[in-house]
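Data file: protein03.pdb. Format and content: PDB, C-alpha atoms and all ligand atoms.
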ATOM      1  CA  MET A1351      82.299  96.960 217.128
ATOM      2  CA  ILE A1352      81.303  96.374 220.717
ATOM      3  CA  ILE A1353      83.007  93.380 222.291
ATOM      4  CA  LYS A1354      80.521  91.777 224.644
ATOM      5  CA  ASN A1355      82.059  88.394 224.906
ATOM      6  CA  SER A1356      85.642  87.165 224.726
ATOM      7  CA  GLU A1357      87.186  83.874 225.695
ATOM      8  CA  LEU A1358      90.407  82.023 225.081
ATOM      9  CA  GLU A1359      89.191  79.096 222.999
ATOM     10  CA  THR A1360      92.229  77.349 221.532
ATOM     11  CA  VAL A1361      95.920  77.281 222.382
ATOM     12  CA  CYS A1362      98.175  75.749 219.742
ATOM     13  CA  GLY A1363     101.693  74.574 220.516
ATOM     14  CA  VAL A1364     104.476  74.042 218.018
ATOM     15  CA  THR A1365     103.303  70.593 217.055
ATOM     16  CA  SER A1366      99.544  71.143 217.219
ATOM     17  CA  LYS A1367      97.428  71.216 214.133
ATOM     18  CA  LEU A1368      95.877  74.630 213.588
ATOM     19  CA  PRO A1369      92.112  74.673 214.119
ATOM     20  CA  ASP A1370      89.921  74.631 211.050
ATOM     21  CA  ASN A1371      87.809  77.627 212.048
ATOM     22  CA  SER A1372      84.826  78.875 210.147
ATOM     23  CA  LEU A1373      84.842  82.362 211.697
ATOM     24  CA  PRO A1374      87.058  85.164 210.337
ATOM     25  CA  GLU A1375      90.430  85.640 211.980
ATOM     26  CA  ILE A1376      92.373  88.802 212.769
ATOM     27  CA  ALA A1377      95.999  88.155 213.716
ATOM     28  CA  PHE A1378      98.388  90.141 215.896
ATOM     29  CA  ALA A1379     102.135  89.812 215.441
ATOM     30  CA  GLY A1380     105.045  91.598 217.041
ATOM     31  CA  LYS A1381     108.255  91.398 218.937
ATOM     32  CA  SER A1382     108.128  90.112 222.477
ATOM     33  CA  ASN A1383     107.392  92.960 224.929
ATOM     34  CA  VAL A1384     106.013  95.279 222.237
ATOM     35  CA  GLY A1385     102.668  95.481 224.080
ATOM     36  CA  LYS A1386     100.690  92.801 222.219
ATOM     37  CA  SER A1387      98.959  91.298 225.266
ATOM     38  CA  SER A1388      98.155  94.781 226.539
ATOM     39  CA  LEU A1389      96.612  95.704 223.189
ATOM     40  CA  ILE A1390      94.545  92.520 222.965
ATOM     41  CA  ASN A1391      93.330  92.981 226.539
ATOM     42  CA  ALA A1392      92.476  96.634 225.826
ATOM     43  CA  LEU A1393      90.501  95.684 222.714
ATOM     44  CA  MET A1394      88.600  93.034 224.665
ATOM     45  CA  ASN A1395      88.192  95.326 227.659
ATOM     46  CA  ARG A1396      89.727  92.662 229.842
ATOM     47  CA  LYS A1397      92.458  93.220 232.375
ATOM     48  CA  SER A1398      94.430  90.074 231.877
ATOM     49  CA  LEU A1399      92.847  87.483 229.609
ATOM     50  CA  ALA A1400      95.750  87.683 227.164
ATOM     51  CA  ARG A1401      99.016  86.546 228.695
ATOM     52  CA  THR A1402     101.179  89.206 230.240
ATOM     53  CA  SER A1403     104.896  89.466 230.055
ATOM     54  CA  SER A1404     106.042  88.066 233.395
ATOM     55  CA  GLN A1405     108.028  85.586 231.338
ATOM     56  CA  PRO A1406     108.591  87.416 228.101
ATOM     57  CA  GLY A1407     109.232  85.262 225.104
ATOM     58  CA  LYS A1408     108.532  82.008 226.876
ATOM     59  CA  THR A1409     105.164  81.301 225.391
ATOM     60  CA  GLN A1410     105.413  79.568 222.077
ATOM     61  CA  THR A1411     101.758  79.233 221.361
ATOM     62  CA  ILE A1412      99.192  80.640 219.005
ATOM     63  CA  ASN A1413      96.186  81.693 221.080
ATOM     64  CA  TYR A1414      92.712  82.032 219.592
ATOM     65  CA  TYR A1415      90.295  84.369 221.379
ATOM     66  CA  ASN A1416      86.679  83.935 220.393
ATOM     67  CA  ILE A1417      85.122  87.393 220.130
ATOM     68  CA  ASN A1418      81.314  87.643 220.318
ATOM     69  CA  HIS A1419      81.121  84.235 218.548
ATOM     70  CA  GLU A1420      81.730  86.357 215.468
ATOM     71  CA  LEU A1421      85.483  86.270 214.900
ATOM     72  CA  TYR A1422      88.822  85.275 216.414
ATOM     73  CA  PHE A1423      91.676  87.425 217.590
ATOM     74  CA  VAL A1424      94.750  85.312 216.941
ATOM     75  CA  ASP A1425      97.698  86.120 219.197
ATOM     76  CA  LEU A1426     100.868  84.966 217.428
ATOM     77  CA  PRO A1427     103.960  84.185 219.515
ATOM     78  CA  GLY A1428     106.185  87.213 220.147
ATOM     79  CA  TYR A1429     109.480  87.012 218.274
ATOM     80  CA  GLY A1430     112.942  88.378 218.899
ATOM     81  CA  TYR A1431     113.355  87.537 222.556
ATOM     82  CA  ALA A1432     117.111  87.511 223.038
ATOM     83  CA  LYS A1433     117.366  84.863 225.740
ATOM     84  CA  VAL A1434     116.013  81.881 223.845
ATOM     85  CA  SER A1435     118.005  79.439 221.770
ATOM     86  CA  LYS A1436     118.365  79.650 218.007
ATOM     87  CA  GLU A1437     116.442  76.385 217.756
ATOM     88  CA  ILE A1438     113.437  77.833 219.592
ATOM     89  CA  LYS A1439     113.564  80.998 217.491
ATOM     90  CA  GLU A1440     113.466  78.867 214.362
ATOM     91  CA  LYS A1441     110.463  76.957 215.701
ATOM     92  CA  TRP A1442     108.623  80.234 216.300
ATOM     93  CA  GLY A1443     109.406  81.353 212.791
ATOM     94  CA  LYS A1444     108.060  78.112 211.360
ATOM     95  CA  MET A1445     104.911  78.374 213.441
ATOM     96  CA  ILE A1446     104.146  81.908 212.360
ATOM     97  CA  GLU A1447     104.954  81.097 208.754
ATOM     98  CA  SER A1448     102.741  78.040 208.834
ATOM     99  CA  TYR A1449      99.887  80.062 210.326
ATOM    100  CA  LEU A1450     100.143  82.818 207.705
ATOM    101  CA  LYS A1451     100.371  80.273 204.921
ATOM    102  CA  ASN A1452      97.608  77.950 206.022
ATOM    103  CA  SER A1453      94.886  79.913 207.751
ATOM    104  CA  LYS A1454      91.949  80.074 205.378
ATOM    105  CA  GLN A1455      90.013  82.519 207.516
ATOM    106  CA  LEU A1456      92.713  85.123 208.051
ATOM    107  CA  LYS A1457      91.345  88.532 207.080
ATOM    108  CA  LYS A1458      93.885  90.967 208.448
ATOM    109  CA  VAL A1459      97.277  91.001 210.121
ATOM    110  CA  PHE A1460      98.217  93.714 212.577
ATOM    111  CA  LEU A1461     101.946  94.100 213.081
ATOM    112  CA  LEU A1462     102.873  95.842 216.320
ATOM    113  CA  ILE A1463     105.987  97.981 216.509
ATOM    114  CA  ASP A1464     107.112 100.168 219.417
ATOM    115  CA  ILE A1465     106.660 103.770 218.306
ATOM    116  CA  ARG A1466     109.869 104.831 220.052
ATOM    117  CA  HIS A1467     112.354 102.704 218.147
ATOM    118  CA  GLU A1468     113.556 102.013 214.623
ATOM    119  CA  PRO A1469     112.128  98.692 213.426
ATOM    120  CA  SER A1470     114.500  95.798 214.092
ATOM    121  CA  GLN A1471     115.638  93.327 211.453
ATOM    122  CA  ASN A1472     113.055  90.894 212.862
ATOM    123  CA  ASP A1473     110.316  93.509 212.429
ATOM    124  CA  LYS A1474     111.370  94.075 208.833
ATOM    125  CA  ASN A1475     111.447  90.334 208.160
ATOM    126  CA  MET A1476     108.009  89.924 209.698
ATOM    127  CA  PHE A1477     106.597  92.788 207.646
ATOM    128  CA  ASN A1478     108.006  91.317 204.439
ATOM    129  CA  TRP A1479     106.807  87.847 205.333
ATOM    130  CA  ILE A1480     103.255  89.059 205.833
ATOM    131  CA  VAL A1481     103.370  90.882 202.497
ATOM    132  CA  TYR A1482     104.882  87.817 200.823
ATOM    133  CA  GLN A1483     101.948  85.709 202.037
ATOM    134  CA  GLY A1484      99.593  88.116 200.300
ATOM    135  CA  TYR A1485      98.416  90.298 203.181
ATOM    136  CA  GLN A1486      98.648  94.049 203.571
ATOM    137  CA  PRO A1487      99.690  94.473 207.210
ATOM    138  CA  VAL A1488      98.412  97.343 209.307
ATOM    139  CA  ILE A1489     101.092  98.712 211.612
ATOM    140  CA  ILE A1490     100.093  99.438 215.182
ATOM    141  CA  ALA A1491     102.654 101.807 216.667
ATOM    142  CA  THR A1492     102.506 100.886 220.353
ATOM    143  CA  LYS A1493     103.322 102.754 223.570
ATOM    144  CA  LEU A1494     102.186 106.058 222.121
ATOM    145  CA  ASP A1495     102.024 107.615 225.595
ATOM    146  CA  LYS A1496     105.801 107.228 225.896
ATOM    147  CA  ILE A1497     106.584 109.944 223.369
ATOM    148  CA  LYS A1498     105.624 113.605 223.194
ATOM    149  CA  ARG A1499     102.657 114.448 221.030
ATOM    150  CA  SER A1500     104.868 116.724 218.918
ATOM    151  CA  GLN A1501     107.091 113.735 218.070
ATOM    152  CA  VAL A1502     104.381 111.366 216.860
ATOM    153  CA  GLN A1503     104.508 112.173 213.128
ATOM    154  CA  LYS A1504     108.299 112.022 213.104
ATOM    155  CA  HIS A1505     108.253 108.597 214.749
ATOM    156  CA  LEU A1506     105.584 107.245 212.405
ATOM    157  CA  LYS A1507     107.734 108.350 209.503
ATOM    158  CA  MET A1508     110.723 106.599 211.070
ATOM    159  CA  LEU A1509     108.716 103.338 211.246
ATOM    160  CA  ARG A1510     107.504 103.689 207.662
ATOM    161  CA  THR A1511     111.003 104.381 206.360
ATOM    162  CA  GLY A1512     112.541 101.598 208.435
ATOM    163  CA  LEU A1513     110.049  99.046 207.121
ATOM    164  CA  GLU A1514     110.281 100.426 203.588
ATOM    165  CA  ALA A1515     106.489 100.520 203.676
ATOM    166  CA  GLY A1516     104.616 102.479 201.031
ATOM    167  CA  LYS A1517     101.795 104.967 201.506
ATOM    168  CA  GLU A1518      99.273 102.140 201.217
ATOM    169  CA  THR A1519     100.420 100.783 204.586
ATOM    170  CA  GLN A1520      98.094 102.051 207.254
ATOM    171  CA  MET A1521      99.600 102.991 210.622
ATOM    172  CA  ILE A1522      97.664 103.422 213.831
ATOM    173  CA  PRO A1523      99.345 104.879 216.918
ATOM    174  CA  PHE A1524      98.074 103.174 220.064
ATOM    175  CA  SER A1525      98.487 103.375 223.820
ATOM    176  CA  SER A1526      97.183 100.750 226.197
ATOM    177  CA  GLU A1527      97.553 103.338 228.981
ATOM    178  CA  THR A1528      95.253 105.959 227.439
ATOM    179  CA  LYS A1529      93.457 103.584 225.002
ATOM    180  CA  GLN A1530      94.107 106.089 222.224
ATOM    181  CA  GLY A1531      93.764 104.266 218.895
ATOM    182  CA  ARG A1532      91.443 101.565 220.275
ATOM    183  CA  ASP A1533      88.317 102.741 218.453
ATOM    184  CA  GLU A1534      90.182 103.103 215.178
ATOM    185  CA  ILE A1535      91.515  99.544 215.443
ATOM    186  CA  LEU A1536      88.066  98.153 216.275
ATOM    187  CA  LEU A1537      86.530 100.006 213.329
ATOM    188  CA  LEU A1538      89.111  98.462 211.077
ATOM    189  CA  VAL A1539      88.420  94.996 212.546
ATOM    190  CA  ASP A1540      84.747  95.557 211.795
ATOM    191  CA  SER A1541      85.435  96.495 208.208
ATOM    192  CA  CYS A1542      87.714  93.470 207.683
ATOM    193  CA  ILE A1543      85.532  90.691 208.969
ATOM    194  CA  ASN A1544      83.070  90.916 206.147
ATOM    195  CA  CYS A1545      85.616  91.314 203.378
TER     196      CYS A1545
HETATM  197  P1  LIG A1601     103.885  91.537 224.922
HETATM  198  O1  LIG A1601     105.091  90.748 225.334
HETATM  199  O2  LIG A1601     104.032  92.077 223.533
HETATM  200  O3  LIG A1601     102.579  90.818 225.106
HETATM  201  O4  LIG A1601     103.883  92.859 225.842
HETATM  202  P2  LIG A1601     102.971  93.261 227.100
HETATM  203  O5  LIG A1601     101.612  93.671 226.671
HETATM  204  O6  LIG A1601     103.071  92.211 228.135
HETATM  205  O7  LIG A1601     103.744  94.607 227.540
HETATM  206  C1  LIG A1601     105.121  94.611 227.856
HETATM  207  C2  LIG A1601     105.388  95.748 228.833
HETATM  208  O8  LIG A1601     105.111  97.000 228.217
HETATM  209  C3  LIG A1601     104.500  95.681 230.076
HETATM  210  O9  LIG A1601     105.270  96.122 231.171
HETATM  211  C4  LIG A1601     103.378  96.657 229.771
HETATM  212  O10 LIG A1601     102.810  97.234 230.930
HETATM  213  C5  LIG A1601     104.104  97.716 228.947
HETATM  214  N1  LIG A1601     103.200  98.354 227.969
HETATM  215  C6  LIG A1601     102.470  97.727 227.024
HETATM  216  N2  LIG A1601     101.766  98.628 226.302
HETATM  217  C7  LIG A1601     102.052  99.841 226.797
HETATM  218  C8  LIG A1601     101.633 101.184 226.470
HETATM  219  O11 LIG A1601     100.840 101.439 225.556
HETATM  220  N3  LIG A1601     102.157 102.196 227.214
HETATM  221  C9  LIG A1601     103.043 101.967 228.229
HETATM  222  N4  LIG A1601     103.515 103.031 228.889
HETATM  223  N5  LIG A1601     103.463 100.741 228.559
HETATM  224  C10 LIG A1601     102.983  99.679 227.856
END

Using the file provided, produce a representation of the structure as structure tokens.
Ligand code: GDP
Amino acid sequence: MIIKNSELETVCGVTSKLPDNSLPEIAFAGKSNVGKSSLINALMNRKSLARTSSQPGKTQTINYYNINHELYFVDLPGYGYAKVSKEIKEKWGKMIESYLKNSKQLKKVFLLIDIRHEPSQNDKNMFNWIVYQGYQPVIIATKLDKIKRSQVQKHLKMLRTGLEAGKETQMIPFSSETKQGRDEILLLVDSCINC
């Protein structure tokens, strides 16, 4: 897929009603600071349309990016930021849950996990939540450039084991520095929007 046009169309806060879109949606979930904005910007070929992490974990919104008037990239709020209250964390959880439960156009969920580290309890919960809602998440293992090439397979295995994900779970290593993995992700987006 070639992204010619991208714009931030809708921003939903905790209390907003989710838009009733007719275009397919592809959602991106992940822990705060995992590289979600960088990935979305890299996919859109934009430097900074998606929010960047100057204030990590502060943004509690679901952002809808209209892509080519063909589909939406849905940027879910980053979870697991240590410095926010339990109450705010619960609100985020509810928001993400409500989105996964209620979006009629959701075609695929990408779950981003830092390739360097064992998945956290929040990552595991998120993975299970997505599965529970009936979706087969694709794992994007971010910050690929931060590990040696010889370590990649070992780290992917660590993520798979940590998440208790079966062979059916697809994993794509990605770097927003080198853009490695970008084409594979876009191909997958292409194949999902018509399913
Ligand atoms: P978000 O909170 O998940 O949206 O994370 P950001 O995209 O804002 O990234 C958090 C930090 O990680 C920033 O300092 C980014 O520059 C850095 N980062 C994100 N992706 C990569 C990557 O693929 N490689 C490297 N080396 N750094 C990355």

With all atoms listed in the file counted, collect every polymer residue having an atom within 7 Å of ligand LIG 1601 (chain A); state the result as a PDB file with C-alpha atoms, in the frame of the given file.
ATOM      1  CA  GLY A1380     105.045  91.598 217.041  1.00  0.00           C
ATOM      2  CA  LYS A1381     108.255  91.398 218.937  1.00  0.00           C
ATOM      3  CA  SER A1382     108.128  90.112 222.477  1.00  0.00           C
ATOM      4  CA  ASN A1383     107.392  92.960 224.929  1.00  0.00           C
ATOM      5  CA  VAL A1384     106.013  95.279 222.237  1.00  0.00           C
ATOM      6  CA  GLY A1385     102.668  95.481 224.080  1.00  0.00           C
ATOM      7  CA  LYS A1386     100.690  92.801 222.219  1.00  0.00           C
ATOM      8  CA  SER A1387      98.959  91.298 225.266  1.00  0.00           C
ATOM      9  CA  SER A1388      98.155  94.781 226.539  1.00  0.00           C
ATOM     10  CA  LEU A1389      96.612  95.704 223.189  1.00  0.00           C
ATOM     11  CA  ARG A1401      99.016  86.546 228.695  1.00  0.00           C
ATOM     12  CA  THR A1402     101.179  89.206 230.240  1.00  0.00           C
ATOM     13  CA  SER A1403     104.896  89.466 230.055  1.00  0.00           C
ATOM     14  CA  PRO A1406     108.591  87.416 228.101  1.00  0.00           C
ATOM     15  CA  GLY A1407     109.232  85.262 225.104  1.00  0.00           C
ATOM     16  CA  GLY A1428     106.185  87.213 220.147  1.00  0.00           C
ATOM     17  CA  THR A1492     102.506 100.886 220.353  1.00  0.00           C
ATOM     18  CA  LYS A1493     103.322 102.754 223.570  1.00  0.00           C
ATOM     19  CA  LEU A1494     102.186 106.058 222.121  1.00  0.00           C
ATOM     20  CA  ASP A1495     102.024 107.615 225.595  1.00  0.00           C
ATOM     21  CA  LYS A1496     105.801 107.228 225.896  1.00  0.00           C
ATOM     22  CA  PHE A1524      98.074 103.174 220.064  1.00  0.00           C
ATOM     23  CA  SER A1525      98.487 103.375 223.820  1.00  0.00           C
ATOM     24  CA  SER A1526      97.183 100.750 226.197  1.00  0.00           C
ATOM     25  CA  GLU A1527      97.553 103.338 228.981  1.00  0.00           C
TER      26      GLU A1527
END

- Query: Counting all atoms listed in the file, what is within 10 Å of Val1502 in chain A, bar same-chain residues fewer than 4 positions away, as a PyMOL selection string?
  - Reply: chain A and resi 1465-1466+1491+1494-1495+1497-1498+1506-1508+1523

Please provide as a tab-separated table (two decimals) with C-alpha atoms, keeping the file's coordinate frame all residues within 9 Å of Lys1454 in chain A, with the sequence filter that same-chain residues fewer than 5 positions apart are discarded (counting all atoms listed in the file).
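Output file result.tsv follows:
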chain	number	residue	atom	x	y	z
A	1370	ASP	CA	89.92	74.63	211.05
A	1371	ASN	CA	87.81	77.63	212.05
A	1372	SER	CA	84.83	78.88	210.15
A	1374	PRO	CA	87.06	85.16	210.34
A	1375	GLU	CA	90.43	85.64	211.98

- List the residues matched by the PyMOL selection byres (((chain A and resi 1377) around 12) and not hetatm) in the displayed structure as a PyMOL selection string, ordered by chain and then by residue number. chain A and resi 1374-1376+1378-1380+1386+1390+1412-1415+1421-1427+1446+1449-1450+1453+1455-1462+1480+1485+1487-1489+1539+1542-1543

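Neighbourhood of point (91.1, 78.8, 223.3): residues with an atom at most 9 Å away, counting only C-alpha atoms, are Glu1357, Leu1358, Glu1359, Thr1360, Val1361, Cys1362, Asn1413, Tyr1414, Tyr1415 and Asn1416 of chain A.
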
- Nearest residue to Gln1486 in chain A from the set A:Gln1520, A:Ser1541, A:Ser1366, A:Thr1411 (distances using only C-alpha atoms): A:Gln1520

- Item | Selection: 12 Å around Asn1452 in chain A, only C-alpha atoms, excl. self and same-chain fewer than 6 positions, as number ranges by chain | A: 1367-1371, 1444-1446, 1483-1484

- Note on the structure: Correct to one decimal, the distance CA of Ala1400 in chain A-CA of Asp1533 in chain A is 18.9 Å

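Ranking A:Leu1536, A:Val1434, A:Cys1545, A:Leu1513 by their shortest atom-to-atom distance to Ala1392 in chain A, with all atoms listed in the file included, puts A:Leu1536 first.
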
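For the residues A:Glu1534, A:Glu1420, A:Asp1540, A:Glu1514, ranking by smallest atom-to-atom distance to Lys1474 in chain A using all atoms listed in the file places A:Glu1514 first.
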
- Item | Distance in Å - CA of Leu1399 in chain A versus CA of Lys1451 in chain A | 26.8 Å
